[in-house]
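The structure file data.txt is reproduced below (compact mmCIF, C-alpha atoms).
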# COMPACT_ATOMS: atom_id res chain seq x y z
CA MET A 30 6.29 -19.38 25.08
CA ILE A 31 2.64 -18.86 25.94
CA TRP A 32 3.24 -15.22 26.89
CA THR A 33 5.13 -14.69 23.65
CA VAL A 34 2.16 -16.00 21.68
CA ILE A 35 -0.36 -13.93 23.67
CA SER A 36 1.65 -10.72 23.30
CA ALA A 37 2.09 -11.37 19.56
CA ILE A 38 -1.66 -11.87 19.11
CA VAL A 39 -2.43 -8.63 20.96
CA THR A 40 0.19 -6.77 18.91
CA ALA A 41 -1.16 -8.22 15.66
CA LEU A 42 -4.76 -7.25 16.48
CA LEU A 43 -3.75 -3.70 17.38
CA SER A 44 -1.66 -3.43 14.22
CA ILE A 45 -4.52 -4.73 12.08
CA TRP A 46 -6.70 -1.93 13.43
CA LEU A 47 -3.98 0.67 12.78
CA GLY A 48 -3.40 -0.68 9.27
CA TYR A 49 -7.11 -0.60 8.50
CA LYS A 50 -7.33 3.01 9.67
CA ARG A 51 -4.68 3.89 7.06
CA LEU A 52 -2.66 6.36 9.08
CA PHE A 53 -0.53 7.12 6.04
CA TYR A 54 -0.45 6.53 2.28
CA LEU A 55 2.43 5.82 -0.06
CA TYR A 56 2.32 9.32 -1.55
CA GLN A 57 3.11 10.70 1.91
CA ILE A 58 6.42 8.82 2.07
CA THR A 59 9.26 11.16 1.22
CA LEU A 60 12.96 10.35 1.07
CA ARG A 61 13.52 12.23 4.31
CA ARG A 62 10.78 10.34 6.13
CA PHE A 63 12.00 7.02 4.76
CA LEU A 64 15.58 7.69 5.88
CA SER A 65 14.37 8.83 9.31
CA PHE A 66 12.34 5.65 9.74
CA ALA A 67 15.29 3.52 8.57
CA LEU A 68 17.55 5.31 11.08
CA ILE A 69 15.12 4.58 13.90
CA LEU A 70 15.07 0.90 12.95
CA VAL A 71 18.87 0.74 12.85
CA LEU A 72 19.13 2.44 16.25
CA PHE A 73 16.52 0.12 17.71
CA TYR A 74 18.34 -2.95 16.41
CA SER A 75 21.70 -1.59 17.62
CA ILE A 76 20.34 -0.99 21.12
CA LEU A 77 18.92 -4.51 21.29
CA LEU A 78 22.22 -5.95 20.08
CA LEU A 79 24.16 -3.94 22.66
CA LEU A 80 21.85 -5.02 25.47
CA PHE A 81 22.24 -8.62 24.36
CA LYS A 82 26.04 -8.32 24.23
CA ILE A 83 26.26 -6.98 27.78
CA GLU A 84 23.78 -9.65 28.89
CA LEU A 85 21.04 -7.25 29.93
CA LEU A 86 18.75 -8.79 27.35
CA THR A 87 18.06 -12.51 27.56
CA GLU A 88 17.40 -14.72 24.56
CA GLU A 89 13.83 -15.26 25.74
CA LEU A 90 13.09 -11.53 25.94
CA ALA A 91 14.80 -10.93 22.61
CA ALA A 92 12.58 -13.60 21.06
CA VAL A 93 9.49 -11.88 22.47
CA ILE A 94 10.54 -8.51 21.03
CA ILE A 95 11.40 -9.90 17.59
CA THR A 96 8.16 -11.91 17.47
CA ASN A 97 6.14 -8.81 18.29
CA VAL A 98 7.95 -6.78 15.62
CA TYR A 99 7.01 -9.40 13.02
CA ALA A 100 3.46 -9.53 14.42
CA SER A 101 3.12 -5.76 14.03
CA ILE A 102 4.25 -5.99 10.40
CA PHE A 103 1.78 -8.80 9.77
CA GLY A 104 -1.07 -6.86 11.38
CA PHE A 105 -0.36 -3.55 9.71
CA PHE A 106 -0.16 -4.95 6.18
CA SER A 107 -3.13 -7.25 6.74
CA GLY A 108 -5.28 -4.33 7.90
CA SER A 109 -4.05 -2.19 5.01
CA ALA A 110 -4.84 -4.98 2.54
CA VAL A 111 -8.42 -5.30 3.82
CA LYS A 112 -8.90 -1.54 3.68
CA GLN A 113 -7.46 -1.31 0.18
CA TYR A 114 -9.66 -4.17 -1.02
CA ARG A 115 -12.76 -2.44 0.35
CA THR A 116 -11.66 0.86 -1.21
CA ARG A 117 -11.32 -0.77 -4.62
CA SER A 118 -14.67 -2.53 -4.26
CA ASN A 119 -16.47 0.66 -3.21
CA ALA A 120 -14.91 2.56 -6.11
CA GLY A 121 -17.12 0.67 -8.55
CA LYS A 122 -16.31 -0.99 -11.84
CA VAL A 123 -13.21 -0.09 -13.86
CA LEU A 124 -13.96 2.40 -16.64
CA TYR A 125 -10.41 2.55 -17.97
CA SER A 126 -6.96 1.30 -17.00
CA TYR A 127 -3.82 0.91 -19.08
CA ARG A 128 -3.00 -2.79 -19.30
CA SER A 129 0.44 -4.29 -19.72
CA PHE A 130 2.47 -7.21 -18.39
CA ILE A 131 4.40 -5.00 -15.98
CA SER A 132 1.32 -3.29 -14.56
CA ASP A 133 -0.97 -6.33 -14.44
CA HIS A 134 1.07 -9.49 -13.96
CA LEU A 135 4.45 -8.55 -12.48
CA PRO A 136 3.03 -7.24 -9.14
CA ILE A 137 0.89 -10.37 -8.81
CA ILE A 138 3.89 -12.62 -9.47
CA VAL A 139 5.94 -10.78 -6.83
CA ALA A 140 3.05 -10.86 -4.35
CA ILE A 141 2.46 -14.58 -4.82
CA GLY A 142 6.19 -15.14 -4.43
CA LEU A 143 6.16 -13.32 -1.08
CA ILE A 144 3.13 -15.29 0.10
CA THR A 145 4.80 -18.57 -0.89
CA LEU A 146 8.03 -17.53 0.81
CA GLY A 147 6.07 -16.57 3.91
CA ILE A 148 4.37 -19.97 4.09
CA HIS A 149 7.74 -21.67 3.67
CA ARG A 150 9.35 -19.40 6.29
CA SER A 151 6.66 -20.23 8.84
CA ALA A 152 7.73 -23.90 8.72
CA ALA A 153 4.11 -24.92 8.17
CA LEU A 154 5.06 -27.18 5.26
CA SER A 155 8.47 -28.32 6.47
CA GLU A 156 9.97 -30.49 9.19
CA LEU A 157 11.45 -27.52 11.04
CA ALA A 158 10.21 -26.78 14.53
CA VAL A 159 7.30 -24.36 14.62
CA THR A 160 8.30 -21.37 16.76
CA PRO A 161 6.65 -17.97 17.36
CA ILE A 162 9.46 -16.21 15.49
CA ARG A 163 9.17 -18.48 12.44
CA VAL A 164 5.38 -18.24 12.34
CA SER A 165 5.26 -14.46 12.84
CA SER A 166 8.03 -13.80 10.31
CA GLY A 167 6.31 -16.04 7.76
CA LEU A 168 2.96 -14.36 8.34
CA SER A 169 4.56 -10.91 7.96
CA LEU A 170 5.92 -11.85 4.52
CA ALA A 171 2.57 -13.35 3.51
CA ALA A 172 0.75 -10.20 4.67
CA ILE A 173 3.03 -7.99 2.58
CA GLY A 174 2.28 -10.22 -0.41
CA LEU A 175 -1.45 -10.04 0.30
CA TRP A 176 -1.23 -6.26 0.46
CA GLY A 177 0.66 -6.29 -2.84
CA LEU A 178 -2.25 -8.09 -4.50
CA THR A 179 -4.47 -5.07 -3.77
CA ILE A 180 -2.05 -2.54 -5.30
CA ARG A 181 -1.93 -1.53 -8.95
CA LEU A 182 1.07 0.25 -10.46
CA VAL A 183 -1.06 2.29 -12.87
CA PRO A 184 -4.13 4.46 -12.11
CA GLU A 185 -7.54 2.84 -12.42
CA PHE A 186 -10.34 5.12 -13.58
CA ARG A 187 -13.39 3.71 -11.82
CA LYS A 188 -17.04 4.66 -11.51
CA ASN A 189 -16.62 6.55 -8.22
CA GLY A 190 -13.09 7.86 -8.59
CA ILE A 191 -9.49 7.20 -9.58
CA ILE A 192 -7.52 4.55 -7.72
CA LEU A 193 -3.95 5.84 -7.56
CA ILE A 194 -1.76 3.07 -6.11
CA ASP A 195 -3.20 2.91 -2.55
CA GLN A 196 -5.60 5.86 -2.46
CA ILE A 197 -8.80 6.93 -4.17
CA ILE A 198 -9.30 10.34 -5.75
CA ASP A 199 -12.99 11.19 -5.76
CA TRP A 200 -14.26 12.55 -9.06
CA LYS A 201 -15.45 15.68 -7.25
CA ASN A 202 -11.80 16.48 -6.51
CA LEU A 203 -10.78 16.33 -10.17
CA LEU A 204 -9.72 19.82 -11.30
CA SER A 205 -8.38 19.47 -14.82
CA TYR A 206 -6.38 17.35 -17.22
CA ASN A 207 -4.04 17.97 -20.13
CA TRP A 208 -1.66 16.07 -22.35
CA TYR A 209 1.90 16.51 -21.12
CA SER A 210 3.06 14.75 -24.29
CA GLU A 211 1.53 12.58 -26.99
CA GLU A 212 0.98 9.63 -24.64
CA ILE A 213 1.47 11.16 -21.17
CA LEU A 214 -1.67 12.37 -19.44
CA GLU A 215 -1.37 14.90 -16.62
CA ILE A 216 -4.21 15.09 -14.10
CA GLU A 217 -4.64 17.85 -11.54
CA TYR A 218 -6.71 17.19 -8.44
CA GLU A 219 -7.35 18.52 -4.95
CA GLN A 220 -6.37 16.58 -1.86
CA GLU A 221 -6.13 17.70 1.75
CA GLU A 222 -6.66 21.30 0.63
CA MET A 223 -3.64 21.04 -1.67
CA ILE A 224 -3.37 20.93 -5.45
CA ARG A 225 -1.61 17.78 -6.61
CA ILE A 226 -0.65 16.41 -10.03
CA PHE A 227 0.13 12.95 -11.30
CA LYS A 228 1.12 11.73 -14.76
CA THR A 229 0.25 8.42 -16.38
CA LEU A 230 0.83 6.69 -19.68
CA VAL A 231 -2.12 6.47 -22.07
CA PRO A 232 -1.55 4.86 -25.50
CA SER A 233 -2.59 7.02 -28.43
CA ASP A 234 -5.25 4.45 -29.37
CA ASP A 235 -6.96 5.04 -26.00
CA ARG A 236 -6.68 8.82 -26.04
CA LYS A 237 -10.21 9.54 -27.26
CA GLU A 238 -11.72 7.10 -24.78
CA VAL A 239 -9.91 8.71 -21.84
CA GLU A 240 -10.71 12.25 -22.98
CA LYS A 241 -14.39 11.35 -23.27
CA LEU A 242 -14.34 9.88 -19.77
CA LEU A 243 -12.56 12.80 -18.10
CA SER A 244 -14.48 15.52 -19.92
CA GLY A 245 -17.71 13.79 -18.94
CA LYS A 246 -16.68 13.68 -15.28
CA LEU A 247 -15.68 17.35 -15.33
CA ARG A 248 -19.01 18.25 -16.93
CA GLU A 249 -20.89 16.29 -14.26
CA LYS A 250 -18.90 18.11 -11.56
CA MET A 251 -19.74 21.53 -13.04
CA GLU A 252 -23.45 20.62 -13.23
CA GLN A 253 -23.44 19.51 -9.59
CA ASP A 254 -21.69 22.73 -8.51
CA ASP A 255 -24.32 24.79 -10.33

I need this file expressed as structure tokens, please.
Amino acid sequence: MIWTVISAIVTALLSIWLGYKRLFYLYQITLRRFLSFALILVLFYSILLLLFKIELLTEELAAVIITNVYASIFGFFSGSAVKQYRTRSNAGKVLYSYRSFISDHLPIIVAIGLITLGIHRSAALSELAVTPIRVSSGLSLAAIGLWGLTIRLVPEFRKNGIILIDQIIDWKNLLSYNWYSEEILEIEYEQEEMIRIFKTLVPSDDRKEVEKLLSGKLREKMEQDD
């Protein structure tokens, strides 16, 4: 068991570093990439199951592999959560964000639920035997919940940029904005040498406030370019 724990700790530390480096963002996940990743996971699981069936994979080795998979999930989401928290902190105070129950409270409820489930799964508060698999699987759920606490479903217009789910759009990359409909704002920005667009809901009561904010940021950008 000691080698299982050591390998899981090493895997978790490496995954924390990879998660903090943010090798990818949610906007980069396409249906094709998601299906490809899911296929790889299914093939990996199928190979392990086959090796176990033909007795080429022992229960001890299988436990080590599964524990390390959970440890990698824990590390990746923990690192991503820390990075996202720092990104939000460095972005400055919130200048505007559309508030509602779904955008503000529902993600927090889900995240807290995952954290609670993770603690329960780890057997820390129960009479079940504490094993590397239980602990690592519980920590992986808790880490996903912790990451969820740093994510907002609606854009946050902050002092130093726009937080869009898990990324920040610097104000210098803002290109233009227009009203797609009465309450739908469309924002055009530059990212990775590409022009991107996102839409967000803005109540009519907040329209003037948002227009004042965006027009001011565009004016500041033009003055800096001059």

Taking 4 positions as the minimum chain separation for residues in the same chain, which residues sit within 7 Å of stretch 106-116 of chain A when counting all atoms listed in the file? Answer as an MDAnalysis selection string. chainID A and resid 45:46 48:49 51 102 120 172:173 175:176 179 195

Could you take the residues named above and write them with C-alpha atoms, as a PDB file, in the frame of the given file?
ATOM      1  CA  ILE A  45      -4.520  -4.730  12.080  1.00  0.00           C
ATOM      2  CA  TRP A  46      -6.700  -1.930  13.430  1.00  0.00           C
ATOM      3  CA  GLY A  48      -3.400  -0.680   9.270  1.00  0.00           C
ATOM      4  CA  TYR A  49      -7.110  -0.600   8.500  1.00  0.00           C
ATOM      5  CA  ARG A  51      -4.680   3.890   7.060  1.00  0.00           C
ATOM      6  CA  ILE A 102       4.250  -5.990  10.400  1.00  0.00           C
ATOM      7  CA  ALA A 120     -14.910   2.560  -6.110  1.00  0.00           C
ATOM      8  CA  ALA A 172       0.750 -10.200   4.670  1.00  0.00           C
ATOM      9  CA  ILE A 173       3.030  -7.990   2.580  1.00  0.00           C
ATOM     10  CA  LEU A 175      -1.450 -10.040   0.300  1.00  0.00           C
ATOM     11  CA  TRP A 176      -1.230  -6.260   0.460  1.00  0.00           C
ATOM     12  CA  THR A 179      -4.470  -5.070  -3.770  1.00  0.00           C
ATOM     13  CA  ASP A 195      -3.200   2.910  -2.550  1.00  0.00           C
TER      14      ASP A 195
END

Excluding same-chain residues fewer than 5 positions from A:Gly142, what lies within 10 Å of it counting all atoms listed in the file, as a PyMOL selection string? chain A and resi 136-137+147-148+170-171+174

Quick one: of A:Arg117, A:Lys241, A:Arg61, A:Arg181, who's nearest to A:His134, counting only C-alpha atoms? A:Arg181

Report the distance between atom CA of A:Ala37 and atom CA of A:Val93 in Å, rounded to one decimal place. 8.0 Å

What gap, in Å, lies between atom CA of A:Ile94 and atom CA of A:Leu168? 15.9 Å

Who sits within 10 Å of A:Val39, all atoms listed in the file, same chain under 5 positions skipped, as an mmCIF file with C-alpha atoms, keeping the file's coordinate frame:
data_model
loop_
_atom_site.group_PDB
_atom_site.id
_atom_site.type_symbol
_atom_site.label_atom_id
_atom_site.label_comp_id
_atom_site.auth_asym_id
_atom_site.auth_seq_id
_atom_site.Cartn_x
_atom_site.Cartn_y
_atom_site.Cartn_z
ATOM 1 C CA VAL A 34 2.160 -16.000 21.680
ATOM 2 C CA SER A 44 -1.660 -3.430 14.220
ATOM 3 C CA ILE A 45 -4.520 -4.730 12.080
ATOM 4 C CA ASN A 97 6.140 -8.810 18.290
ATOM 5 C CA ALA A 100 3.460 -9.530 14.420
ATOM 6 C CA SER A 101 3.120 -5.760 14.030
ATOM 7 C CA GLY A 104 -1.070 -6.860 11.380
#

Name the residues in contact with stretch 205-213 of chain A at a cut-off of 7 Å, using only C-alpha atoms, excluding same-chain residues fewer than 5 positions from it; report them as a PDB file with C-alpha atoms, in the coordinates of the input.
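Saved result, result-v3.pdb, follows:
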ATOM      1  CA  TYR A 218      -6.710  17.190  -8.440  1.00  0.00           C
ATOM      2  CA  LYS A 228       1.120  11.730 -14.760  1.00  0.00           C
ATOM      3  CA  THR A 229       0.250   8.420 -16.380  1.00  0.00           C
ATOM      4  CA  LEU A 230       0.830   6.690 -19.680  1.00  0.00           C
ATOM      5  CA  VAL A 231      -2.120   6.470 -22.070  1.00  0.00           C
ATOM      6  CA  PRO A 232      -1.550   4.860 -25.500  1.00  0.00           C
ATOM      7  CA  SER A 233      -2.590   7.020 -28.430  1.00  0.00           C
TER       8      SER A 233
END

What is the atom CA of A:Gly245 to atom CA of A:Gly190 distance in Å?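 Interatomic distance, atom CA of A:Gly245 to atom CA of A:Gly190: 12.8 Å.
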
Around (-17.2, -2.8, -10.6) in the file's own coordinates, what residues are found within 12 Å if you use all atoms listed in the file, given back as an mmCIF file with C-alpha atoms, in the coordinates of the input?
data_model
loop_
_atom_site.group_PDB
_atom_site.id
_atom_site.type_symbol
_atom_site.label_atom_id
_atom_site.label_comp_id
_atom_site.auth_asym_id
_atom_site.auth_seq_id
_atom_site.Cartn_x
_atom_site.Cartn_y
_atom_site.Cartn_z
ATOM 1 C CA ARG A 115 -12.760 -2.440 0.350
ATOM 2 C CA THR A 116 -11.660 0.860 -1.210
ATOM 3 C CA ARG A 117 -11.320 -0.770 -4.620
ATOM 4 C CA SER A 118 -14.670 -2.530 -4.260
ATOM 5 C CA ASN A 119 -16.470 0.660 -3.210
ATOM 6 C CA ALA A 120 -14.910 2.560 -6.110
ATOM 7 C CA GLY A 121 -17.120 0.670 -8.550
ATOM 8 C CA LYS A 122 -16.310 -0.990 -11.840
ATOM 9 C CA VAL A 123 -13.210 -0.090 -13.860
ATOM 10 C CA LEU A 124 -13.960 2.400 -16.640
ATOM 11 C CA TYR A 125 -10.410 2.550 -17.970
ATOM 12 C CA GLU A 185 -7.540 2.840 -12.420
ATOM 13 C CA PHE A 186 -10.340 5.120 -13.580
ATOM 14 C CA ARG A 187 -13.390 3.710 -11.820
ATOM 15 C CA LYS A 188 -17.040 4.660 -11.510
ATOM 16 C CA ASN A 189 -16.620 6.550 -8.220
ATOM 17 C CA GLY A 190 -13.090 7.860 -8.590
#

From the list A:Leu77, A:Ile194, A:Phe227, A:Ile35, the nearest residue to A:Leu90 using all atoms listed in the file is A:Leu77

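The shortest atom-to-atom distance to A:Arg163, with only C-alpha atoms taken into account, belongs to A:Thr96 out of A:Thr33, A:Thr96, A:Glu217, A:Trp200.
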
Within 12 Å of stretch 67-74 of chain A, counting only C-alpha atoms, which residues qualify if same-chain residues fewer than 5 places away don't, as a ChimeraX atom specification? /A:60-62,79-81,91,94-95,98

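Nearest to A:Met251 of all the residues A:Leu214, A:Ile224, A:Leu203, A:Ile180 is A:Leu203, counting all atoms listed in the file.
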
Of the residues A:Leu178, A:Thr40, A:Phe103, A:Arg225, which is the one nearest to A:Ile138, using only C-alpha atoms? A:Leu178
